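Below is one structure, written out as structure tokens; comments come after it.
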4 protein chains.
Amino acid sequence: MPKMTVAELEAFYVTHFPQLGSNHFKIEEVADGGVRVRLRYRDLHLRPGGTISGPALMALADSAMYSLLLAMIGPVALAVTTNLNINFLRKPAPVDVIAKAEMLKLGQRLAVGSVTMFSDGDDEPVAHATVTYSIPPRKGKEG
Amino acid sequence: MPKMTVAELEAFYVTHFPQLGSNHFKIEEVADGGVRVRLRYRDLHLRPGGTISGPALMALADSAMYSLLLAMIGPVALAVTTNLNINFLRKPAPVDVIAKAEMLKLGQRLAVGSVTMFSDGDDEPVAHATVTYSIPPRKGKEG
Amino acid sequence: MPKMTVAELEAFYVTHFPQLGSNHFKIEEVADGGVRVRLRYRDLHLRPGGTISGPALMALADSAMYSLLLAMIGPVALAVTTNLNINFLRKPAPVDVIAKAEMLKLGQRLAVGSVTMFSDGDDEPVAHATVTYSIPPRKGKEG
Amino acid sequence: MPKMTVAELEAFYVTHFPQLGSNHFKIEEVADGGVRVRLRYRDLHLRPGGTISGPALMALADSAMYSLLLAMIGPVALAVTTNLNINFLRKPAPVDVIAKAEMLKLGQRLAVGSVTMFSDGDDEPVAHATVTYSIPPRKGKEG
């Protein structure tokens, strides 16, 4: 079972990442082994041709994986990304982007997840990322 | 020899990416097969502990590779990133970040480059990325 | 629907890759958008501690994605891998490894797939790869 | 200064990886922060069109990075690859392949290196990889 709810994750972000603003990413669902995060269209940096920028999708993938990690191990602010690999698959439509993150491995030192991103309402992915976080040493229980 | 100068690249960005602002990234040098791009510290999204965010470094890597591609093939607004792989190596210091991009392969359809990022004044890299762009079909000469 | 059956794929490999031997990888299932490939334990290059080598898993991922691509576009011997990213997740057990490949995008020029690998009988993945193939220009219909 | 010489690395491989054979890869040079490894053409698995197989290059990249890590930290048989990302850049010629590995970061837990591969006698790379190894906890001095 997840160790943090959507509300707890949102409160964690407000406390630890106040500069992100209250409405950059919207965590929509937290389940065992997966989260769903929405990037609102109005927050997107657009590119020529009206498409959503690659960096916006990379930030979304990173954030979705971080949210998933927090949900599974509890609030550990100092976990850091060590590797991110992203494939851009299709030109995103000018709508919200939905990221679905799944944990592939949650180890003592490393967590690896897969993040698939979709234009809202479409079932063909616009991008796919794998993300690795390094987890700082934990004493006994987290949080 | 590069097909675009620093001034021409800056003018291209102002025209095609007006939303990026005039001072987000600063192209410092364009040479045959390589560019140097500076991310100004004041533009950075900071993270807990005062470090520079991963997404800021990913955007820098993507932008440095795009600048290098433009410098080598001329102004082609519709080249798109297809793959970006980044390893985060060290916690960046609270100073400017310098990206050095080198072309590994410039083909007809794909361009692959390597981007190494340093805290200004330090010679150990904070991050390293490889970036692939897909190049749209060109007729005769570019630009 | 797939354009090649398991038997047709096997015949294609025998004709075009005779040096691979007849029993290196075993294609077990071809379905719309996915294939399952088995790496037999006796074919594996082992490493200290009895584990399966990383290169054996990389070759499996590459081969599974190539089989999937062939199944979807028909026999195109000259498609080539342009990028492969693999995360090694758990120490594989000394048994067969099963690779499940799924197509993320099948475009005109690039195909991107996701390959998840499991020790036979276990449902936690030992490795996960994303693989990109470049597809040579095709005239009219393939196959 | 490196902690292992070419001769010590070769002896280490013979002891710990006897199944690799004595002549699969040839370590040619070990220097501070870099190694050069040769893949002999006669050891290569060939592909249609006479080119060298992707898996042979992936194995070379992995092995070059492992040799570099051993050279820098001393003989630690149980370091394991956690991530490998490779871009295939040009069709290799039917000659030896030379891999040049450089350390990007050597940390307590993770080592990240960059491996550039060339057809012998050519200075345009055929492939480029970044490789991450996880280093088991060490007590006091290594080796």
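Ordering of the structure tokens sets the chain letters (A, B, ...), residue numbers begin anew at 1 in every chain, and ligands are numbered from 1 in the order given.
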
Using DSSP on the backbone, list every residue of stretch 23-129 of chain C that comes out as strand (DSSP E or B), and give them as a PDB file with C-alpha atoms, in the first residue's frame.
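File written: out-v1.pdb
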ATOM      1  CA  PHE C  25      16.749 -17.309 -29.078  1.00  0.00           C
ATOM      2  CA  LYS C  26      13.325 -18.917 -29.296  1.00  0.00           C
ATOM      3  CA  ILE C  27      10.421 -16.782 -30.490  1.00  0.00           C
ATOM      4  CA  GLU C  28       7.456 -18.043 -28.542  1.00  0.00           C
ATOM      5  CA  GLU C  29       4.592 -15.778 -29.451  1.00  0.00           C
ATOM      6  CA  VAL C  30       3.784 -13.085 -31.982  1.00  0.00           C
ATOM      7  CA  ALA C  31       0.735 -10.931 -31.411  1.00  0.00           C
ATOM      8  CA  GLY C  34       3.993  -7.548 -29.003  1.00  0.00           C
ATOM      9  CA  VAL C  35       6.265 -10.597 -29.083  1.00  0.00           C
ATOM     10  CA  ARG C  36       7.654 -12.977 -26.466  1.00  0.00           C
ATOM     11  CA  VAL C  37      11.182 -14.353 -26.892  1.00  0.00           C
ATOM     12  CA  ARG C  38      12.989 -16.910 -24.716  1.00  0.00           C
ATOM     13  CA  LEU C  39      16.728 -17.000 -24.041  1.00  0.00           C
ATOM     14  CA  LEU C  46      27.487 -16.705 -17.227  1.00  0.00           C
ATOM     15  CA  ILE C  52      23.535 -14.131 -16.499  1.00  0.00           C
ATOM     16  CA  VAL C  80      19.328  -1.192 -37.806  1.00  0.00           C
ATOM     17  CA  THR C  81      19.376  -0.361 -34.123  1.00  0.00           C
ATOM     18  CA  THR C  82      20.112   3.317 -33.496  1.00  0.00           C
ATOM     19  CA  ASN C  83      19.674   3.490 -29.717  1.00  0.00           C
ATOM     20  CA  LEU C  84      19.382   0.989 -26.891  1.00  0.00           C
ATOM     21  CA  ASN C  85      18.941   1.940 -23.252  1.00  0.00           C
ATOM     22  CA  ILE C  86      18.885  -0.803 -20.641  1.00  0.00           C
ATOM     23  CA  ASN C  87      18.415  -0.806 -16.880  1.00  0.00           C
ATOM     24  CA  PHE C  88      19.548  -3.910 -15.013  1.00  0.00           C
ATOM     25  CA  VAL C  97      14.989 -15.431 -19.478  1.00  0.00           C
ATOM     26  CA  ILE C  98      11.711 -14.328 -21.085  1.00  0.00           C
ATOM     27  CA  ALA C  99      11.605 -11.044 -22.990  1.00  0.00           C
ATOM     28  CA  LYS C 100       8.307  -9.308 -23.687  1.00  0.00           C
ATOM     29  CA  ALA C 101       8.586  -6.602 -26.332  1.00  0.00           C
ATOM     30  CA  GLU C 102       5.909  -4.001 -27.003  1.00  0.00           C
ATOM     31  CA  MET C 103       5.855  -1.394 -29.747  1.00  0.00           C
ATOM     32  CA  LEU C 104       5.641   2.170 -28.438  1.00  0.00           C
ATOM     33  CA  LYS C 105       5.767   3.793 -31.853  1.00  0.00           C
ATOM     34  CA  LEU C 106       6.004   2.444 -35.370  1.00  0.00           C
ATOM     35  CA  LEU C 110      11.865   5.083 -36.607  1.00  0.00           C
ATOM     36  CA  ALA C 111      10.372   2.335 -34.480  1.00  0.00           C
ATOM     37  CA  VAL C 112      10.617   2.491 -30.684  1.00  0.00           C
ATOM     38  CA  GLY C 113       9.829  -0.400 -28.408  1.00  0.00           C
ATOM     39  CA  SER C 114       9.942  -1.360 -24.768  1.00  0.00           C
ATOM     40  CA  VAL C 115      11.354  -4.745 -23.709  1.00  0.00           C
ATOM     41  CA  THR C 116      10.835  -6.144 -20.215  1.00  0.00           C
ATOM     42  CA  MET C 117      12.804  -9.249 -19.239  1.00  0.00           C
ATOM     43  CA  PHE C 118      11.906 -11.809 -16.564  1.00  0.00           C
ATOM     44  CA  SER C 119      13.497 -14.930 -15.136  1.00  0.00           C
ATOM     45  CA  PRO C 125      11.618  -7.958 -14.081  1.00  0.00           C
ATOM     46  CA  VAL C 126      15.386  -8.538 -14.193  1.00  0.00           C
ATOM     47  CA  ALA C 127      15.951  -5.852 -16.814  1.00  0.00           C
ATOM     48  CA  HIS C 128      14.092  -3.288 -18.896  1.00  0.00           C
ATOM     49  CA  ALA C 129      15.196  -1.798 -22.198  1.00  0.00           C
TER      50      ALA C 129
END

Superposition of chain C onto chain D by least squares over all sequentially paired C-alpha atoms; the transformed chain is requested as a compact mmCIF listing (two decimals) with N, CA and C atoms, in the first residue's frame.
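Dumped everything to selection-v5.txt:
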# COMPACT_ATOMS: atom_id res chain seq x y z
N MET C 1 46.70 7.76 -10.17
CA MET C 1 47.34 6.68 -10.93
C MET C 1 46.48 5.42 -10.89
N PRO C 2 46.46 4.67 -11.97
CA PRO C 2 45.68 3.43 -11.98
C PRO C 2 46.14 2.48 -10.88
N LYS C 3 45.19 1.68 -10.36
CA LYS C 3 45.53 0.69 -9.32
C LYS C 3 45.85 -0.67 -9.90
N MET C 4 45.60 -0.86 -11.20
CA MET C 4 45.92 -2.13 -11.84
C MET C 4 46.57 -1.85 -13.19
N THR C 5 47.53 -2.66 -13.54
CA THR C 5 48.18 -2.54 -14.85
C THR C 5 47.43 -3.40 -15.86
N VAL C 6 47.81 -3.27 -17.12
CA VAL C 6 47.23 -4.11 -18.16
C VAL C 6 47.42 -5.59 -17.81
N ALA C 7 48.60 -5.96 -17.36
CA ALA C 7 48.87 -7.37 -17.05
C ALA C 7 48.00 -7.85 -15.88
N GLU C 8 47.83 -6.98 -14.88
CA GLU C 8 46.99 -7.37 -13.73
C GLU C 8 45.53 -7.51 -14.13
N LEU C 9 45.07 -6.63 -15.00
CA LEU C 9 43.69 -6.74 -15.48
C LEU C 9 43.50 -8.05 -16.25
N GLU C 10 44.47 -8.37 -17.10
CA GLU C 10 44.33 -9.61 -17.87
C GLU C 10 44.31 -10.83 -16.95
N ALA C 11 45.16 -10.81 -15.94
CA ALA C 11 45.18 -11.94 -15.00
C ALA C 11 43.85 -12.03 -14.24
N PHE C 12 43.30 -10.86 -13.89
CA PHE C 12 42.02 -10.84 -13.19
C PHE C 12 40.92 -11.47 -14.04
N TYR C 13 40.90 -11.11 -15.32
CA TYR C 13 39.87 -11.68 -16.21
C TYR C 13 40.04 -13.19 -16.35
N VAL C 14 41.28 -13.64 -16.49
CA VAL C 14 41.51 -15.09 -16.65
C VAL C 14 40.99 -15.84 -15.42
N THR C 15 41.22 -15.24 -14.24
CA THR C 15 40.79 -15.91 -13.00
C THR C 15 39.27 -15.86 -12.82
N HIS C 16 38.68 -14.69 -13.05
CA HIS C 16 37.27 -14.50 -12.70
C HIS C 16 36.31 -14.75 -13.86
N PHE C 17 36.76 -14.65 -15.07
CA PHE C 17 35.88 -14.83 -16.23
C PHE C 17 36.50 -15.83 -17.21
N PRO C 18 36.84 -17.03 -16.75
CA PRO C 18 37.56 -17.97 -17.63
C PRO C 18 36.75 -18.29 -18.89
N GLN C 19 35.42 -18.21 -18.80
CA GLN C 19 34.61 -18.56 -19.96
C GLN C 19 34.73 -17.54 -21.09
N LEU C 20 35.30 -16.39 -20.82
CA LEU C 20 35.41 -15.38 -21.89
C LEU C 20 36.49 -15.75 -22.90
N GLY C 21 37.34 -16.69 -22.55
CA GLY C 21 38.43 -17.04 -23.45
C GLY C 21 39.56 -16.03 -23.28
N SER C 22 40.70 -16.39 -23.80
CA SER C 22 41.85 -15.54 -23.56
C SER C 22 41.96 -14.40 -24.56
N ASN C 23 41.19 -14.45 -25.61
CA ASN C 23 41.45 -13.45 -26.65
C ASN C 23 40.21 -12.72 -27.14
N HIS C 24 39.22 -12.58 -26.27
CA HIS C 24 37.99 -11.94 -26.74
C HIS C 24 38.20 -10.43 -26.89
N PHE C 25 38.55 -9.80 -25.78
CA PHE C 25 38.89 -8.38 -25.81
C PHE C 25 40.36 -8.26 -25.43
N LYS C 26 41.00 -7.25 -25.95
CA LYS C 26 42.41 -7.01 -25.65
C LYS C 26 42.55 -5.62 -25.04
N ILE C 27 42.92 -5.57 -23.76
CA ILE C 27 43.16 -4.28 -23.13
C ILE C 27 44.50 -3.76 -23.61
N GLU C 28 44.49 -2.59 -24.20
CA GLU C 28 45.72 -2.10 -24.82
C GLU C 28 46.43 -1.04 -23.98
N GLU C 29 45.64 -0.27 -23.24
CA GLU C 29 46.28 0.81 -22.49
C GLU C 29 45.44 1.16 -21.28
N VAL C 30 46.12 1.38 -20.17
CA VAL C 30 45.44 1.83 -18.95
C VAL C 30 46.13 3.10 -18.51
N ALA C 31 45.36 4.18 -18.41
CA ALA C 31 45.94 5.43 -17.94
C ALA C 31 45.02 6.01 -16.88
N ASP C 32 45.44 7.10 -16.28
CA ASP C 32 44.62 7.70 -15.24
C ASP C 32 43.33 8.23 -15.87
N GLY C 33 42.23 7.64 -15.52
CA GLY C 33 40.94 8.12 -16.00
C GLY C 33 40.51 7.58 -17.35
N GLY C 34 41.29 6.67 -17.95
CA GLY C 34 40.87 6.14 -19.24
C GLY C 34 41.54 4.82 -19.58
N VAL C 35 40.84 4.00 -20.39
CA VAL C 35 41.44 2.77 -20.92
C VAL C 35 41.13 2.68 -22.41
N ARG C 36 41.93 1.85 -23.11
CA ARG C 36 41.65 1.56 -24.51
C ARG C 36 41.58 0.05 -24.68
N VAL C 37 40.49 -0.44 -25.27
CA VAL C 37 40.25 -1.87 -25.40
C VAL C 37 39.97 -2.17 -26.88
N ARG C 38 40.54 -3.27 -27.37
CA ARG C 38 40.38 -3.66 -28.77
C ARG C 38 39.50 -4.90 -28.88
N LEU C 39 38.54 -4.85 -29.78
CA LEU C 39 37.73 -6.03 -30.12
C LEU C 39 38.26 -6.54 -31.44
N ARG C 40 38.82 -7.76 -31.40
CA ARG C 40 39.43 -8.28 -32.61
C ARG C 40 38.36 -8.70 -33.60
N TYR C 41 38.60 -8.38 -34.84
CA TYR C 41 37.60 -8.62 -35.87
C TYR C 41 37.21 -10.09 -35.96
N ARG C 42 38.18 -10.99 -35.78
CA ARG C 42 37.86 -12.41 -35.91
C ARG C 42 36.93 -12.91 -34.80
N ASP C 43 36.82 -12.12 -33.72
CA ASP C 43 35.94 -12.53 -32.64
C ASP C 43 34.51 -11.99 -32.82
N LEU C 44 34.31 -11.23 -33.88
CA LEU C 44 33.05 -10.50 -33.98
C LEU C 44 31.94 -11.37 -34.54
N HIS C 45 30.76 -11.15 -34.02
CA HIS C 45 29.57 -11.73 -34.62
C HIS C 45 29.14 -10.80 -35.75
N LEU C 46 29.14 -11.30 -36.95
CA LEU C 46 28.80 -10.43 -38.07
C LEU C 46 27.31 -10.45 -38.36
N ARG C 47 26.87 -9.44 -39.07
CA ARG C 47 25.47 -9.27 -39.43
C ARG C 47 25.34 -9.12 -40.95
N PRO C 48 24.11 -9.17 -41.46
CA PRO C 48 23.94 -9.02 -42.92
C PRO C 48 24.62 -7.74 -43.40
N GLY C 49 25.26 -7.83 -44.54
CA GLY C 49 25.97 -6.68 -45.08
C GLY C 49 27.40 -6.62 -44.56
N GLY C 50 27.84 -7.61 -43.79
CA GLY C 50 29.23 -7.67 -43.34
C GLY C 50 29.52 -6.79 -42.15
N THR C 51 28.50 -6.18 -41.58
CA THR C 51 28.77 -5.24 -40.49
C THR C 51 28.87 -5.99 -39.16
N ILE C 52 29.42 -5.32 -38.19
CA ILE C 52 29.60 -5.88 -36.85
C ILE C 52 28.29 -5.74 -36.09
N SER C 53 27.93 -6.74 -35.32
CA SER C 53 26.63 -6.73 -34.66
C SER C 53 26.56 -5.70 -33.54
N GLY C 54 25.37 -5.18 -33.32
CA GLY C 54 25.14 -4.28 -32.19
C GLY C 54 25.52 -4.93 -30.87
N PRO C 55 25.07 -6.17 -30.61
CA PRO C 55 25.44 -6.78 -29.34
C PRO C 55 26.94 -6.90 -29.11
N ALA C 56 27.73 -7.10 -30.18
CA ALA C 56 29.19 -7.14 -30.00
C ALA C 56 29.70 -5.79 -29.51
N LEU C 57 29.13 -4.70 -30.04
CA LEU C 57 29.56 -3.37 -29.61
C LEU C 57 29.09 -3.07 -28.18
N MET C 58 27.88 -3.55 -27.85
CA MET C 58 27.39 -3.34 -26.48
C MET C 58 28.28 -4.08 -25.48
N ALA C 59 28.67 -5.31 -25.83
CA ALA C 59 29.54 -6.08 -24.93
C ALA C 59 30.90 -5.40 -24.80
N LEU C 60 31.37 -4.85 -25.89
CA LEU C 60 32.65 -4.13 -25.85
C LEU C 60 32.56 -2.90 -24.93
N ALA C 61 31.48 -2.14 -25.06
CA ALA C 61 31.31 -0.94 -24.22
C ALA C 61 31.26 -1.32 -22.74
N ASP C 62 30.50 -2.36 -22.45
CA ASP C 62 30.35 -2.80 -21.06
C ASP C 62 31.70 -3.26 -20.51
N SER C 63 32.42 -4.01 -21.31
CA SER C 63 33.71 -4.54 -20.88
C SER C 63 34.75 -3.43 -20.71
N ALA C 64 34.75 -2.47 -21.61
CA ALA C 64 35.71 -1.37 -21.50
C ALA C 64 35.47 -0.57 -20.23
N MET C 65 34.19 -0.33 -19.92
CA MET C 65 33.89 0.43 -18.70
C MET C 65 34.25 -0.39 -17.46
N TYR C 66 34.01 -1.68 -17.50
CA TYR C 66 34.36 -2.53 -16.35
C TYR C 66 35.88 -2.53 -16.14
N SER C 67 36.62 -2.60 -17.23
CA SER C 67 38.08 -2.57 -17.14
C SER C 67 38.57 -1.25 -16.56
N LEU C 68 37.93 -0.18 -16.97
CA LEU C 68 38.30 1.14 -16.44
C LEU C 68 38.01 1.23 -14.95
N LEU C 69 36.86 0.72 -14.56
CA LEU C 69 36.50 0.76 -13.14
C LEU C 69 37.50 -0.05 -12.31
N LEU C 70 37.81 -1.26 -12.77
CA LEU C 70 38.80 -2.08 -12.06
C LEU C 70 40.13 -1.36 -11.97
N ALA C 71 40.54 -0.75 -13.06
CA ALA C 71 41.82 -0.06 -13.07
C ALA C 71 41.85 1.05 -12.03
N MET C 72 40.69 1.67 -11.78
CA MET C 72 40.66 2.81 -10.88
C MET C 72 40.41 2.45 -9.42
N ILE C 73 39.66 1.36 -9.17
CA ILE C 73 39.38 1.04 -7.76
C ILE C 73 40.04 -0.26 -7.31
N GLY C 74 40.66 -0.99 -8.21
CA GLY C 74 41.24 -2.28 -7.86
C GLY C 74 40.24 -3.40 -8.10
N PRO C 75 40.67 -4.65 -7.91
CA PRO C 75 39.85 -5.79 -8.31
C PRO C 75 38.62 -6.01 -7.44
N VAL C 76 37.46 -5.63 -7.96
CA VAL C 76 36.18 -5.79 -7.27
C VAL C 76 35.26 -6.56 -8.21
N ALA C 77 35.25 -7.87 -8.07
CA ALA C 77 34.54 -8.68 -9.07
C ALA C 77 33.05 -8.42 -9.09
N LEU C 78 32.50 -7.94 -8.00
CA LEU C 78 31.04 -7.91 -7.94
C LEU C 78 30.41 -6.57 -8.30
N ALA C 79 31.17 -5.65 -8.84
CA ALA C 79 30.54 -4.46 -9.39
C ALA C 79 29.63 -4.89 -10.54
N VAL C 80 28.46 -4.29 -10.64
CA VAL C 80 27.51 -4.70 -11.68
C VAL C 80 27.01 -3.49 -12.47
N THR C 81 26.76 -3.71 -13.74
CA THR C 81 26.20 -2.67 -14.59
C THR C 81 24.76 -2.40 -14.16
N THR C 82 24.41 -1.12 -13.99
CA THR C 82 23.00 -0.80 -13.70
C THR C 82 22.32 -0.15 -14.90
N ASN C 83 23.06 0.58 -15.72
CA ASN C 83 22.47 1.23 -16.88
C ASN C 83 23.49 1.29 -18.00
N LEU C 84 23.04 1.03 -19.21
CA LEU C 84 23.88 1.21 -20.39
C LEU C 84 23.03 1.84 -21.48
N ASN C 85 23.51 2.95 -22.01
CA ASN C 85 22.83 3.63 -23.11
C ASN C 85 23.80 3.71 -24.27
N ILE C 86 23.38 3.21 -25.44
CA ILE C 86 24.29 3.22 -26.58
C ILE C 86 23.61 3.81 -27.81
N ASN C 87 24.34 4.66 -28.52
CA ASN C 87 23.91 5.16 -29.81
C ASN C 87 24.82 4.58 -30.89
N PHE C 88 24.20 3.95 -31.88
CA PHE C 88 24.94 3.40 -33.01
C PHE C 88 24.99 4.48 -34.08
N LEU C 89 26.19 4.85 -34.49
CA LEU C 89 26.38 6.06 -35.27
C LEU C 89 26.67 5.81 -36.75
N ARG C 90 27.52 4.83 -37.01
CA ARG C 90 27.91 4.54 -38.40
C ARG C 90 28.08 3.03 -38.53
N LYS C 91 27.95 2.54 -39.74
CA LYS C 91 28.16 1.12 -40.00
C LYS C 91 29.65 0.82 -39.82
N PRO C 92 29.99 -0.09 -38.92
CA PRO C 92 31.41 -0.38 -38.70
C PRO C 92 32.03 -1.08 -39.90
N ALA C 93 33.26 -0.77 -40.18
CA ALA C 93 34.00 -1.47 -41.23
C ALA C 93 34.40 -2.85 -40.73
N PRO C 94 34.72 -3.77 -41.65
CA PRO C 94 35.11 -5.13 -41.24
C PRO C 94 36.55 -5.20 -40.74
N VAL C 95 36.79 -4.48 -39.65
CA VAL C 95 38.12 -4.44 -39.03
C VAL C 95 37.94 -4.44 -37.51
N ASP C 96 39.05 -4.44 -36.77
CA ASP C 96 38.97 -4.34 -35.31
C ASP C 96 38.21 -3.08 -34.90
N VAL C 97 37.61 -3.13 -33.72
CA VAL C 97 36.97 -1.95 -33.14
C VAL C 97 37.75 -1.56 -31.88
N ILE C 98 38.04 -0.26 -31.77
CA ILE C 98 38.77 0.28 -30.62
C ILE C 98 37.80 1.04 -29.74
N ALA C 99 37.76 0.68 -28.46
CA ALA C 99 36.91 1.41 -27.51
C ALA C 99 37.79 2.26 -26.59
N LYS C 100 37.42 3.52 -26.46
CA LYS C 100 38.11 4.41 -25.52
C LYS C 100 37.12 4.78 -24.42
N ALA C 101 37.42 4.36 -23.21
CA ALA C 101 36.53 4.63 -22.07
C ALA C 101 37.13 5.70 -21.18
N GLU C 102 36.29 6.62 -20.76
CA GLU C 102 36.69 7.70 -19.85
C GLU C 102 35.76 7.72 -18.66
N MET C 103 36.27 7.96 -17.48
CA MET C 103 35.43 8.05 -16.30
C MET C 103 34.82 9.45 -16.21
N LEU C 104 33.51 9.52 -16.09
CA LEU C 104 32.84 10.80 -15.89
C LEU C 104 32.68 11.09 -14.40
N LYS C 105 32.40 10.03 -13.64
CA LYS C 105 32.27 10.18 -12.20
C LYS C 105 32.59 8.86 -11.54
N LEU C 106 33.44 8.91 -10.54
CA LEU C 106 33.71 7.73 -9.72
C LEU C 106 33.29 8.07 -8.30
N GLY C 107 32.10 7.63 -7.93
CA GLY C 107 31.58 7.91 -6.59
C GLY C 107 31.74 6.71 -5.68
N GLN C 108 31.18 6.82 -4.48
CA GLN C 108 31.25 5.70 -3.53
C GLN C 108 30.35 4.55 -3.98
N ARG C 109 29.21 4.89 -4.58
CA ARG C 109 28.22 3.87 -4.90
C ARG C 109 28.05 3.67 -6.39
N LEU C 110 28.27 4.72 -7.18
CA LEU C 110 28.06 4.62 -8.62
C LEU C 110 29.27 5.15 -9.37
N ALA C 111 29.58 4.50 -10.48
CA ALA C 111 30.60 5.00 -11.39
C ALA C 111 29.95 5.14 -12.76
N VAL C 112 30.19 6.29 -13.41
CA VAL C 112 29.61 6.55 -14.72
C VAL C 112 30.73 6.86 -15.69
N GLY C 113 30.71 6.19 -16.83
CA GLY C 113 31.74 6.42 -17.82
C GLY C 113 31.17 6.59 -19.21
N SER C 114 31.98 7.13 -20.07
CA SER C 114 31.64 7.36 -21.46
C SER C 114 32.58 6.51 -22.32
N VAL C 115 32.02 5.77 -23.27
CA VAL C 115 32.83 4.89 -24.12
C VAL C 115 32.57 5.25 -25.59
N THR C 116 33.62 5.64 -26.29
CA THR C 116 33.50 5.95 -27.71
C THR C 116 34.23 4.87 -28.49
N MET C 117 33.57 4.35 -29.53
CA MET C 117 34.12 3.22 -30.28
C MET C 117 34.40 3.62 -31.73
N PHE C 118 35.56 3.17 -32.23
CA PHE C 118 36.02 3.53 -33.57
C PHE C 118 36.42 2.27 -34.33
N SER C 119 36.19 2.25 -35.64
CA SER C 119 36.83 1.25 -36.47
C SER C 119 38.32 1.56 -36.48
N ASP C 120 39.13 0.53 -36.36
CA ASP C 120 40.58 0.74 -36.26
C ASP C 120 41.07 1.55 -37.46
N GLY C 121 41.73 2.65 -37.20
CA GLY C 121 42.29 3.48 -38.25
C GLY C 121 41.38 4.61 -38.69
N ASP C 122 40.18 4.66 -38.14
CA ASP C 122 39.23 5.72 -38.54
C ASP C 122 38.99 6.62 -37.33
N ASP C 123 38.78 7.91 -37.54
CA ASP C 123 38.59 8.77 -36.38
C ASP C 123 37.15 9.27 -36.21
N GLU C 124 36.23 8.72 -37.00
CA GLU C 124 34.83 9.02 -36.75
C GLU C 124 34.21 7.84 -36.00
N PRO C 125 33.53 8.11 -34.89
CA PRO C 125 33.06 7.01 -34.05
C PRO C 125 31.96 6.19 -34.71
N VAL C 126 31.97 4.87 -34.45
CA VAL C 126 30.89 4.00 -34.92
C VAL C 126 29.79 3.87 -33.88
N ALA C 127 30.12 4.10 -32.63
CA ALA C 127 29.12 4.02 -31.56
C ALA C 127 29.63 4.77 -30.34
N HIS C 128 28.68 5.18 -29.52
CA HIS C 128 29.01 5.89 -28.27
C HIS C 128 28.07 5.37 -27.19
N ALA C 129 28.64 5.05 -26.04
CA ALA C 129 27.83 4.55 -24.93
C ALA C 129 28.15 5.29 -23.64
N THR C 130 27.16 5.40 -22.77
CA THR C 130 27.41 5.77 -21.38
C THR C 130 27.00 4.58 -20.53
N VAL C 131 27.82 4.27 -19.55
CA VAL C 131 27.63 3.06 -18.76
C VAL C 131 27.74 3.40 -17.28
N THR C 132 26.80 2.91 -16.49
CA THR C 132 26.83 3.10 -15.04
C THR C 132 27.04 1.76 -14.34
N TYR C 133 27.99 1.71 -13.43
CA TYR C 133 28.20 0.53 -12.58
C TYR C 133 27.84 0.88 -11.15
N SER C 134 27.23 -0.07 -10.47
CA SER C 134 27.02 0.03 -9.03
C SER C 134 28.18 -0.67 -8.34
N ILE C 135 28.75 0.02 -7.36
CA ILE C 135 29.93 -0.49 -6.66
C ILE C 135 29.50 -1.01 -5.30
N PRO C 136 29.85 -2.25 -4.97
CA PRO C 136 29.46 -2.76 -3.66
C PRO C 136 30.19 -2.01 -2.56
N PRO C 137 29.60 -1.96 -1.36
CA PRO C 137 30.26 -1.25 -0.25
C PRO C 137 31.65 -1.83 -0.02
N ARG C 138 32.60 -0.93 0.20
CA ARG C 138 33.99 -1.33 0.41
C ARG C 138 34.39 -1.03 1.84
N LYS C 139 35.23 -1.89 2.40
CA LYS C 139 35.75 -1.62 3.74
C LYS C 139 37.19 -1.13 3.61
N GLY C 140 37.46 -0.02 4.18
CA GLY C 140 38.81 0.52 4.15
C GLY C 140 39.31 0.66 2.73
N LYS C 141 40.49 0.17 2.47
CA LYS C 141 41.06 0.33 1.13
C LYS C 141 40.66 -0.81 0.21
N GLU C 142 40.55 -0.52 -1.02
CA GLU C 142 40.29 -1.54 -2.00
C GLU C 142 41.62 -2.15 -2.45
N GLY C 143 41.53 -3.35 -2.93
CA GLY C 143 42.68 -3.95 -3.59
C GLY C 143 43.83 -4.28 -2.68

Filtered DSSP result for stretch 26-96 of chain C, state helix (DSSP H, G or I), as a VMD selection string: chain C and resid 41 to 43 48 to 50 54 to 73
